$ cat start22.cif   # mmCIF, C-alpha atoms and all ligand atoms
data_target
loop_
_atom_site.label_atom_id
_atom_site.label_comp_id
_atom_site.auth_asym_id
_atom_site.auth_seq_id
_atom_site.Cartn_x
_atom_site.Cartn_y
_atom_site.Cartn_z
CA MET I 1 -72.30 29.50 17.98
CA THR I 2 -74.75 29.02 15.10
CA ASP I 3 -75.95 32.28 13.57
CA LEU I 4 -79.30 30.93 12.44
CA VAL I 5 -81.35 27.83 13.18
CA ILE I 6 -84.23 27.21 10.80
CA ILE I 7 -87.01 24.99 12.12
CA GLY I 8 -88.78 23.24 9.25
CA ALA I 9 -87.36 22.16 5.90
CA GLY I 10 -90.22 22.94 3.53
CA PRO I 11 -89.98 25.51 0.72
CA ALA I 12 -89.85 28.40 3.24
CA GLY I 13 -87.14 26.79 5.36
CA PHE I 14 -85.00 25.77 2.39
CA SER I 15 -85.34 29.21 0.85
CA ALA I 16 -84.32 30.88 4.15
CA ALA I 17 -81.30 28.57 4.32
CA ILE I 18 -80.22 29.40 0.76
CA TYR I 19 -80.47 33.16 1.31
CA ALA I 20 -78.87 33.10 4.77
CA VAL I 21 -75.91 30.93 3.81
CA ARG I 22 -75.26 33.06 0.73
CA ALA I 23 -75.24 36.09 3.07
CA GLY I 24 -72.44 34.43 5.02
CA LEU I 25 -74.40 33.15 8.04
CA SER I 26 -73.74 29.78 9.66
CA VAL I 27 -77.00 27.87 9.32
CA ARG I 28 -78.60 24.70 10.64
CA LEU I 29 -81.81 23.45 9.05
CA LEU I 30 -83.91 21.07 11.17
CA GLU I 31 -86.86 18.94 10.06
CA ASN I 32 -88.85 16.40 12.08
CA SER I 33 -90.54 14.77 9.09
CA LEU I 34 -89.86 14.59 5.36
CA PHE I 35 -87.66 17.20 3.67
CA GLY I 36 -89.82 19.31 1.38
CA GLY I 37 -92.92 19.72 3.57
CA GLN I 38 -96.48 19.53 2.28
CA ILE I 39 -95.47 19.99 -1.36
CA ILE I 40 -94.20 16.41 -1.60
CA ASN I 41 -97.86 15.32 -1.62
CA THR I 42 -98.69 17.33 -4.74
CA PRO I 43 -98.54 15.29 -7.97
CA ASP I 44 -98.15 18.25 -10.34
CA VAL I 45 -97.10 21.74 -9.31
CA ASP I 46 -98.64 23.77 -12.08
CA ASN I 47 -98.42 27.27 -10.67
CA TYR I 48 -94.77 27.82 -9.78
CA PRO I 49 -93.43 30.21 -12.42
CA GLY I 50 -90.93 28.61 -14.73
CA LEU I 51 -91.48 25.03 -13.58
CA PRO I 52 -94.86 23.97 -15.02
CA GLY I 53 -95.76 20.34 -14.34
CA ILE I 54 -92.91 19.55 -11.95
CA SER I 55 -93.95 17.01 -9.30
CA GLY I 56 -93.92 18.05 -5.66
CA ALA I 57 -91.42 15.29 -4.83
CA GLU I 58 -89.10 16.43 -7.61
CA PHE I 59 -89.39 20.02 -6.43
CA ALA I 60 -88.49 18.95 -2.88
CA MET I 61 -85.47 17.05 -4.20
CA LYS I 62 -84.30 20.15 -6.05
CA LEU I 63 -84.62 22.21 -2.86
CA TYR I 64 -82.52 19.65 -1.02
CA GLU I 65 -79.84 19.57 -3.71
CA HIS I 66 -79.71 23.35 -3.94
CA ALA I 67 -79.20 23.79 -0.18
CA ALA I 68 -76.68 20.94 -0.02
CA LYS I 69 -74.70 22.45 -2.89
CA LEU I 70 -74.38 25.63 -0.81
CA GLY I 71 -73.20 23.63 2.21
CA VAL I 72 -76.44 23.33 4.20
CA GLU I 73 -77.22 19.66 4.87
CA PRO I 74 -80.75 19.51 6.31
CA GLU I 75 -80.88 17.46 9.52
CA THR I 76 -83.62 15.17 10.77
CA ALA I 77 -84.34 16.41 14.29
CA ALA I 78 -87.53 16.89 16.27
CA VAL I 79 -87.51 20.14 18.21
CA SER I 80 -89.11 19.61 21.61
CA LYS I 81 -88.58 23.07 23.07
CA ALA I 82 -87.43 26.49 21.93
CA GLU I 83 -86.31 29.37 24.11
CA LEU I 84 -86.83 32.38 21.90
CA SER I 85 -86.09 35.39 24.08
CA GLY I 86 -82.70 37.01 24.72
CA ASP I 87 -79.69 37.48 22.46
CA ILE I 88 -78.76 33.81 22.74
CA LYS I 89 -81.66 31.51 21.98
CA ASN I 90 -81.80 27.77 22.61
CA ILE I 91 -83.32 25.01 20.51
CA TYR I 92 -83.83 21.64 22.22
CA THR I 93 -83.86 18.43 20.18
CA GLU I 94 -83.79 14.83 21.38
CA LYS I 95 -79.99 14.81 20.93
CA GLU I 96 -78.73 18.25 21.96
CA ILE I 97 -79.39 21.84 22.92
CA ILE I 98 -78.45 24.21 20.09
CA PRO I 99 -77.59 27.76 21.15
CA CYS I 100 -78.06 30.26 18.34
CA ARG I 101 -78.32 33.96 17.63
CA SER I 102 -81.44 33.95 15.47
CA ILE I 103 -84.27 31.63 14.44
CA VAL I 104 -86.52 31.23 11.42
CA ILE I 105 -89.70 29.34 12.23
CA ALA I 106 -90.91 27.60 9.08
CA THR I 107 -92.88 24.78 10.65
CA GLY I 108 -95.81 25.03 8.24
CA ALA I 109 -99.15 23.50 8.95
CA SER I 110 -100.68 20.04 9.53
CA HIS I 111 -103.82 18.38 8.24
CA ARG I 112 -106.99 19.41 10.04
CA LYS I 113 -108.94 16.44 11.41
CA LEU I 114 -112.69 15.87 11.19
CA GLY I 115 -113.03 14.79 14.82
CA CYS I 116 -115.94 12.46 14.05
CA PRO I 117 -116.45 8.88 15.27
CA GLY I 118 -114.44 6.37 13.22
CA GLU I 119 -111.78 8.85 12.04
CA GLU I 120 -109.01 7.67 14.36
CA GLU I 121 -110.08 4.02 14.23
CA PHE I 122 -109.99 3.87 10.42
CA THR I 123 -106.94 6.04 9.75
CA GLY I 124 -104.75 3.83 7.57
CA LYS I 125 -107.70 1.47 7.06
CA GLY I 126 -109.52 3.56 4.49
CA VAL I 127 -109.16 7.03 5.97
CA SER I 128 -106.30 9.01 4.46
CA TYR I 129 -105.03 12.60 4.40
CA CYS I 130 -102.89 12.16 1.30
CA ALA I 131 -104.33 11.12 -2.05
CA THR I 132 -100.97 10.99 -3.80
CA CYS I 133 -99.55 8.72 -1.09
CA ASP I 134 -102.51 6.34 -0.72
CA GLY I 135 -104.59 6.71 -3.90
CA ALA I 136 -103.12 3.61 -5.56
CA PHE I 137 -104.63 1.41 -2.80
CA PHE I 138 -108.08 2.38 -4.06
CA LYS I 139 -107.69 1.45 -7.72
CA GLY I 140 -111.09 0.51 -9.18
CA LYS I 141 -112.88 1.37 -5.90
CA THR I 142 -115.30 4.02 -4.72
CA VAL I 143 -113.96 6.78 -2.52
CA ALA I 144 -115.02 10.13 -1.11
CA VAL I 145 -113.02 13.31 -0.71
CA ASN I 146 -114.16 15.74 1.95
CA GLY I 147 -113.52 19.46 1.47
CA GLY I 148 -114.11 22.33 -0.92
CA GLY I 149 -110.63 23.80 -1.35
CA ASN I 150 -107.96 23.26 -3.99
CA THR I 151 -106.53 20.28 -2.12
CA ALA I 152 -109.89 18.46 -2.14
CA LEU I 153 -110.54 19.19 -5.79
CA GLU I 154 -107.04 18.21 -6.88
CA ASP I 155 -107.24 15.05 -4.79
CA ALA I 156 -110.58 14.18 -6.42
CA LEU I 157 -109.16 14.75 -9.91
CA PHE I 158 -106.13 12.62 -9.12
CA LEU I 159 -108.26 9.82 -7.62
CA SER I 160 -110.74 9.87 -10.49
CA ASN I 161 -107.92 8.64 -12.77
CA MET I 162 -107.77 5.35 -10.90
CA CYS I 163 -110.99 4.94 -8.91
CA GLU I 164 -114.31 3.83 -10.27
CA LYS I 165 -116.18 6.63 -8.52
CA VAL I 166 -115.23 9.69 -6.48
CA TYR I 167 -117.65 11.68 -4.33
CA ILE I 168 -116.72 15.21 -3.33
CA ILE I 169 -118.44 15.97 -0.04
CA HIS I 170 -118.57 19.65 0.85
CA ARG I 171 -120.46 21.48 3.57
CA ARG I 172 -121.86 24.25 1.38
CA GLU I 173 -122.42 25.14 -2.29
CA GLY I 174 -119.66 27.72 -2.70
CA PHE I 175 -116.08 26.51 -3.10
CA ARG I 176 -112.72 27.93 -2.12
CA ALA I 177 -111.11 25.97 -4.94
CA ASP I 178 -110.07 27.69 -8.16
CA ASN I 179 -112.52 27.67 -11.05
CA ALA I 180 -110.09 25.68 -13.19
CA ASN I 181 -110.12 22.80 -10.67
CA LEU I 182 -113.89 23.02 -10.25
CA GLU I 183 -114.55 22.95 -13.98
CA ALA I 184 -112.16 20.04 -14.45
CA ALA I 185 -113.96 18.06 -11.71
CA ARG I 186 -117.41 18.86 -13.14
CA ALA I 187 -116.25 17.55 -16.51
CA ARG I 188 -115.31 14.12 -15.11
CA ASP I 189 -118.00 11.44 -15.50
CA ASN I 190 -116.93 9.55 -12.39
CA ILE I 191 -116.91 12.53 -9.98
CA GLU I 192 -120.15 13.31 -8.14
CA PHE I 193 -120.64 16.32 -5.87
CA VAL I 194 -122.46 15.79 -2.57
CA LEU I 195 -123.09 19.30 -1.29
CA ASN I 196 -124.34 20.78 1.97
CA ARG I 197 -123.13 17.71 3.85
CA THR I 198 -120.56 16.92 6.52
CA VAL I 199 -119.16 13.57 7.59
CA ALA I 200 -120.85 12.65 10.88
CA GLU I 201 -119.46 9.12 11.19
CA ILE I 202 -117.11 6.76 9.38
CA LYS I 203 -118.41 3.20 9.47
CA GLY I 204 -116.93 -0.20 8.75
CA GLY I 205 -115.53 -3.46 10.14
CA GLU I 206 -111.90 -4.16 9.39
CA LYS I 207 -111.85 -1.28 6.89
CA VAL I 208 -114.02 1.65 5.88
CA GLU I 209 -117.34 0.54 4.38
CA GLY I 210 -119.40 3.72 4.42
CA LEU I 211 -120.11 7.20 5.69
CA LEU I 212 -122.96 8.76 7.59
CA LEU I 213 -123.47 12.28 6.29
CA SER I 214 -125.32 15.05 8.11
CA SER I 215 -127.03 17.86 6.28
CA THR I 216 -126.13 21.52 6.76
CA THR I 217 -129.51 22.55 5.35
CA GLY I 218 -131.83 20.51 7.56
CA GLN I 219 -132.20 17.48 5.26
CA PRO I 220 -132.29 13.92 6.64
CA ASP I 221 -129.00 12.07 7.17
CA LEU I 222 -127.56 10.19 4.20
CA GLU I 223 -125.57 6.95 4.05
CA LEU I 224 -122.86 6.64 1.40
CA VAL I 225 -121.18 3.34 0.55
CA VAL I 226 -117.45 3.96 0.01
CA ASP I 227 -114.18 2.07 0.38
CA GLY I 228 -112.19 5.08 1.45
CA LEU I 229 -112.33 8.66 2.65
CA PHE I 230 -109.74 11.31 1.84
CA VAL I 231 -109.93 14.16 4.33
CA ALA I 232 -108.91 17.48 2.74
CA ILE I 233 -110.45 20.10 5.01
CA GLY I 234 -107.45 22.37 5.38
CA PHE I 235 -104.58 22.76 7.75
CA HIS I 236 -103.76 24.14 11.18
CA PRO I 237 -100.48 25.92 11.90
CA ASN I 238 -97.72 24.07 13.75
CA THR I 239 -97.13 26.65 16.46
CA GLU I 240 -97.71 24.69 19.71
CA LEU I 241 -94.00 24.91 20.60
CA PHE I 242 -94.03 28.68 20.54
CA GLU I 243 -97.30 29.43 22.35
CA GLY I 244 -96.85 32.02 25.09
CA GLN I 245 -93.47 33.15 23.71
CA LEU I 246 -94.51 35.21 20.71
CA GLU I 247 -97.67 36.81 19.42
CA LEU I 248 -100.07 34.50 17.59
CA GLU I 249 -103.23 35.35 15.65
CA GLY I 250 -105.73 32.56 15.07
CA GLY I 251 -102.91 30.13 15.87
CA TYR I 252 -100.60 31.61 13.20
CA ILE I 253 -97.45 33.53 14.11
CA LYS I 254 -98.13 37.23 13.78
CA ALA I 255 -95.59 38.66 11.35
CA GLY I 256 -95.79 41.05 8.43
CA GLU I 257 -94.15 40.94 5.01
CA ASN I 258 -90.74 41.38 6.66
CA CYS I 259 -91.36 38.10 8.54
CA ARG I 260 -90.38 39.72 11.87
CA THR I 261 -92.24 38.29 14.86
CA SER I 262 -92.89 39.99 18.19
CA VAL I 263 -89.53 38.63 19.45
CA PRO I 264 -86.31 40.23 18.13
CA GLY I 265 -84.21 37.78 16.14
CA VAL I 266 -87.09 35.37 15.55
CA PHE I 267 -88.67 35.28 12.09
CA ALA I 268 -91.67 33.39 10.73
CA ALA I 269 -91.82 32.20 7.13
CA GLY I 270 -94.35 30.30 5.02
CA ASP I 271 -97.71 28.83 5.98
CA VAL I 272 -97.06 29.33 9.70
CA ARG I 273 -97.15 33.14 9.33
CA THR I 274 -100.25 35.36 9.25
CA LYS I 275 -100.79 36.06 5.55
CA GLU I 276 -103.43 36.14 2.84
CA VAL I 277 -102.05 33.72 0.27
CA ARG I 278 -100.52 30.39 1.33
CA GLN I 279 -98.85 29.01 -1.76
CA LEU I 280 -95.58 27.37 -2.67
CA ILE I 281 -94.24 30.57 -4.16
CA THR I 282 -95.26 32.75 -1.23
CA ALA I 283 -93.62 30.28 1.17
CA ALA I 284 -90.41 30.39 -0.87
CA ALA I 285 -90.60 34.19 -1.00
CA ASP I 286 -91.06 34.38 2.77
CA GLY I 287 -87.99 32.21 3.24
CA ALA I 288 -85.93 34.62 1.15
CA VAL I 289 -87.16 37.60 3.17
CA ALA I 290 -86.60 35.84 6.50
CA GLY I 291 -83.07 34.80 5.48
CA VAL I 292 -82.22 38.38 4.50
CA GLU I 293 -83.85 39.82 7.63
CA ALA I 294 -81.91 37.40 9.85
CA GLY I 295 -78.70 38.67 8.22
CA LYS I 296 -79.71 42.28 8.86
CA TYR I 297 -80.59 41.50 12.48
CA LEU I 298 -77.23 39.83 13.10
CA ALA I 299 -75.34 42.66 11.43
P1 LIG I 301 -108.69 25.37 2.37
O1 LIG I 301 -108.54 26.20 1.15
O2 LIG I 301 -108.60 26.01 3.71
O3 LIG I 301 -110.06 24.61 2.23
C1 LIG I 301 -110.52 23.79 3.26
C2 LIG I 301 -111.90 23.29 2.88
O4 LIG I 301 -112.36 22.40 3.89
C3 LIG I 301 -112.93 24.41 2.76
O5 LIG I 301 -113.75 24.16 1.67
C4 LIG I 301 -113.70 24.31 4.07
O6 LIG I 301 -115.05 24.62 3.93
C5 LIG I 301 -113.61 22.83 4.39
N1 LIG I 301 -113.63 22.57 5.82
C6 LIG I 301 -112.86 23.13 6.80
N2 LIG I 301 -113.15 22.58 8.00
C7 LIG I 301 -114.12 21.67 7.78
C8 LIG I 301 -114.82 20.76 8.62
N3 LIG I 301 -114.57 20.69 9.93
N4 LIG I 301 -115.73 19.96 8.06
C9 LIG I 301 -115.98 20.01 6.73
N5 LIG I 301 -115.35 20.84 5.87
C10 LIG I 301 -114.42 21.65 6.40
O7 LIG I 301 -107.60 24.17 2.42
P2 LIG I 301 -106.81 23.44 1.23
O8 LIG I 301 -107.71 23.07 0.14
O9 LIG I 301 -106.02 22.39 1.88
O10 LIG I 301 -105.82 24.56 0.70
C11 LIG I 301 -104.91 25.21 1.60
C12 LIG I 301 -104.16 26.30 0.82
O11 LIG I 301 -103.30 25.69 -0.14
C13 LIG I 301 -105.11 27.20 0.02
O12 LIG I 301 -104.57 28.50 0.01
C14 LIG I 301 -105.09 26.60 -1.34
O13 LIG I 301 -105.41 27.51 -2.38
C15 LIG I 301 -103.64 26.15 -1.43
N6 LIG I 301 -103.51 25.08 -2.42
C16 LIG I 301 -103.23 25.45 -3.67
C17 LIG I 301 -103.10 24.50 -4.68
C18 LIG I 301 -102.77 24.97 -6.06
O14 LIG I 301 -102.79 26.18 -6.28
N7 LIG I 301 -102.49 24.09 -7.00
C19 LIG I 301 -103.29 23.16 -4.38
C20 LIG I 301 -103.62 22.78 -3.09
C21 LIG I 301 -103.74 23.77 -2.11
P3 LIG I 301 -115.54 26.16 3.81
O15 LIG I 301 -115.12 26.60 2.44
O16 LIG I 301 -117.00 26.07 4.00
O17 LIG I 301 -114.83 26.89 4.91
#

$ encode --input "start22.cif" --output "structure tokens" --more "lines below"
Ligand code: NAP
Amino acid sequence: MTDLVIIGAGPAGFSAAIYAVRAGLSVRLLENSLFGGQIINTPDVDNYPGLPGISGAEFAMKLYEHAAKLGVEPETAAVSKAELSGDIKNIYTEKEIIPCRSIVIATGASHRKLGCPGEEEFTGKGVSYCATCDGAFFKGKTVAVNGGGNTALEDALFLSNMCEKVYIIHRREGFRADNANLEAARARDNIEFVLNRTVAEIKGGEKVEGLLLSSTTGQPDLELVVDGLFVAIGFHPNTELFEGQLELEGGYIKAGENCRTSVPGVFAAGDVRTKEVRQLITAAADGAVAGVEAGKYLA
């Protein structure tokens, strides 16, 4: 019987695996997408202490190697169901049912969608959620980034290195992004801010050709000619599998600094947990706490 199943192999999941296996637990680490989580989309991680300038992909590779060195080989497996209650819990994947004694949920969060006409139709045809993945397709072109957080600003800065022009569309004048990112964007000649606007429609034929923007301050609609739109309006937590089984708050799993959820033996770590600061380092820290707490629970 597996002591601990970790669902999600991002920084929180890897960190939980490293701490749990070093505490002597048998561990399985499951991931339904790419090992490393959201961080693989970040070109430069400049705020993880001790590793300035490391790329997100390189960081993810280091996480993988570290866990593998300790004997935890992350597995590609989509979890379709999880039975959380009781002393023996069950995780269902497409291949098997895994009984286990404790669980760390580190499923992170997914890109929020705009929900406007054209978004689905043009996804992959000019609409993207990942500047680092798709930016190179827009070399020398005009693109827009929607959002006012660090992701949007960093995407715009990254794209401005290769695109002719980058619009940052944001629904108000205040930004969630750090001042450093804002100042850097303001200093770029080819970045233009389009404020107090939301994307009402994405237009085009075969590919994206333009955007219809609504005003949040009662101004007339505005048409913007662009070749691409990068949507960077935040994330929503991946908690659908667990709804009705443990306490959620605003969609996030309710858990304090000790990562304990409302169900004994089930821990939440990283972006999926209720918390103030969702960063790489806080996800990794959560994983450490959850790994230790799982050990304490099993003892
Ligand atoms: P975020 O901070 O939640 O920002 C989302 C942005 O999208 C906000 O400006 C929000 O506007 C806007 N927005 C939300 N829903 C919208 C909608 N339906 N239509 C139009 N605009 C909408 O998300 P994020 O930028 O992805 O960042 C997520 C977390 O990761 C944050 O904690 C961030 O600091 C962190 N992060 C850090 C770094 C770094 O430190 N290097 C890099 C990337 C991300 P309002 O402001 O009006 O709500």

$ residues_around --input "start22.cif" --residues "segment 96-102 of chain I" --least-positions-apart "3" --cutoff "7 Å" --atoms "only C-alpha atoms" --output "NGL selection string"
:I and (1-5 or 87-93 or 265-266 or 294)

$ closest_residue --input "start22.cif" --among "I:Ile39, I:Ala152, I:Leu63, I:Cys163" --to "ligand LIG 301 (chain I)" --atoms "only C-alpha atoms and all ligand atoms"
I:Ala152

$ atom_distance --input "start22.cif" --atom1 "atom CA of Gly149 of chain I" --atom2 "atom CA of Leu211 of chain I"
20.4 Å

$ residues_around --input "start22.cif" --residues "segment 118-129 of chain I" --least-positions-apart "2" --cutoff "8 Å" --atoms "only C-alpha atoms" --output "list in words"
His111, Leu114, Gly115, Cys116, Ala131, Asp134, Glu201, Ile202, Lys203, Glu206, Lys207, Val208, Asp227, Gly228, Leu229, Phe230, Val231 and Ala232 of chain I

$ residues_around --input "start22.cif" --residues "Phe14 of chain I" --least-positions-apart "2" --cutoff "8 Å" --atoms "all atoms listed in the file" --output "list in words"
Ala9, Gly10, Pro11, Ala12, Ala16, Ala17, Ile18, Leu29, Leu63, Tyr64, Ala67, Ala284 and Gly287 of chain I

$ write_last_selection --input "start22.cif" --atoms "C-alpha atoms" --output "compact mmCIF listing (two decimals), keeping the file's coordinate frame"
# COMPACT_ATOMS: atom_id res chain seq x y z
CA ALA I 9 -87.36 22.16 5.90
CA GLY I 10 -90.22 22.94 3.53
CA PRO I 11 -89.98 25.51 0.72
CA ALA I 12 -89.85 28.40 3.24
CA ALA I 16 -84.32 30.88 4.15
CA ALA I 17 -81.30 28.57 4.32
CA ILE I 18 -80.22 29.40 0.76
CA LEU I 29 -81.81 23.45 9.05
CA LEU I 63 -84.62 22.21 -2.86
CA TYR I 64 -82.52 19.65 -1.02
CA ALA I 67 -79.20 23.79 -0.18
CA ALA I 284 -90.41 30.39 -0.87
CA GLY I 287 -87.99 32.21 3.24

$ atom_distance --input "start22.cif" --atom1 "atom O8 of ligand LIG 301 (chain I)" --atom2 "atom CA of Ala57 of chain I"
18.7 Å

$ residues_around --input "start22.cif" --residues "Asn150 of chain I" --least-positions-apart "5" --cutoff "8 Å" --atoms "all atoms listed in the file" --output "list of chain:residue names"
I:Arg176, I:Ala177, I:Asp178, I:Asn181
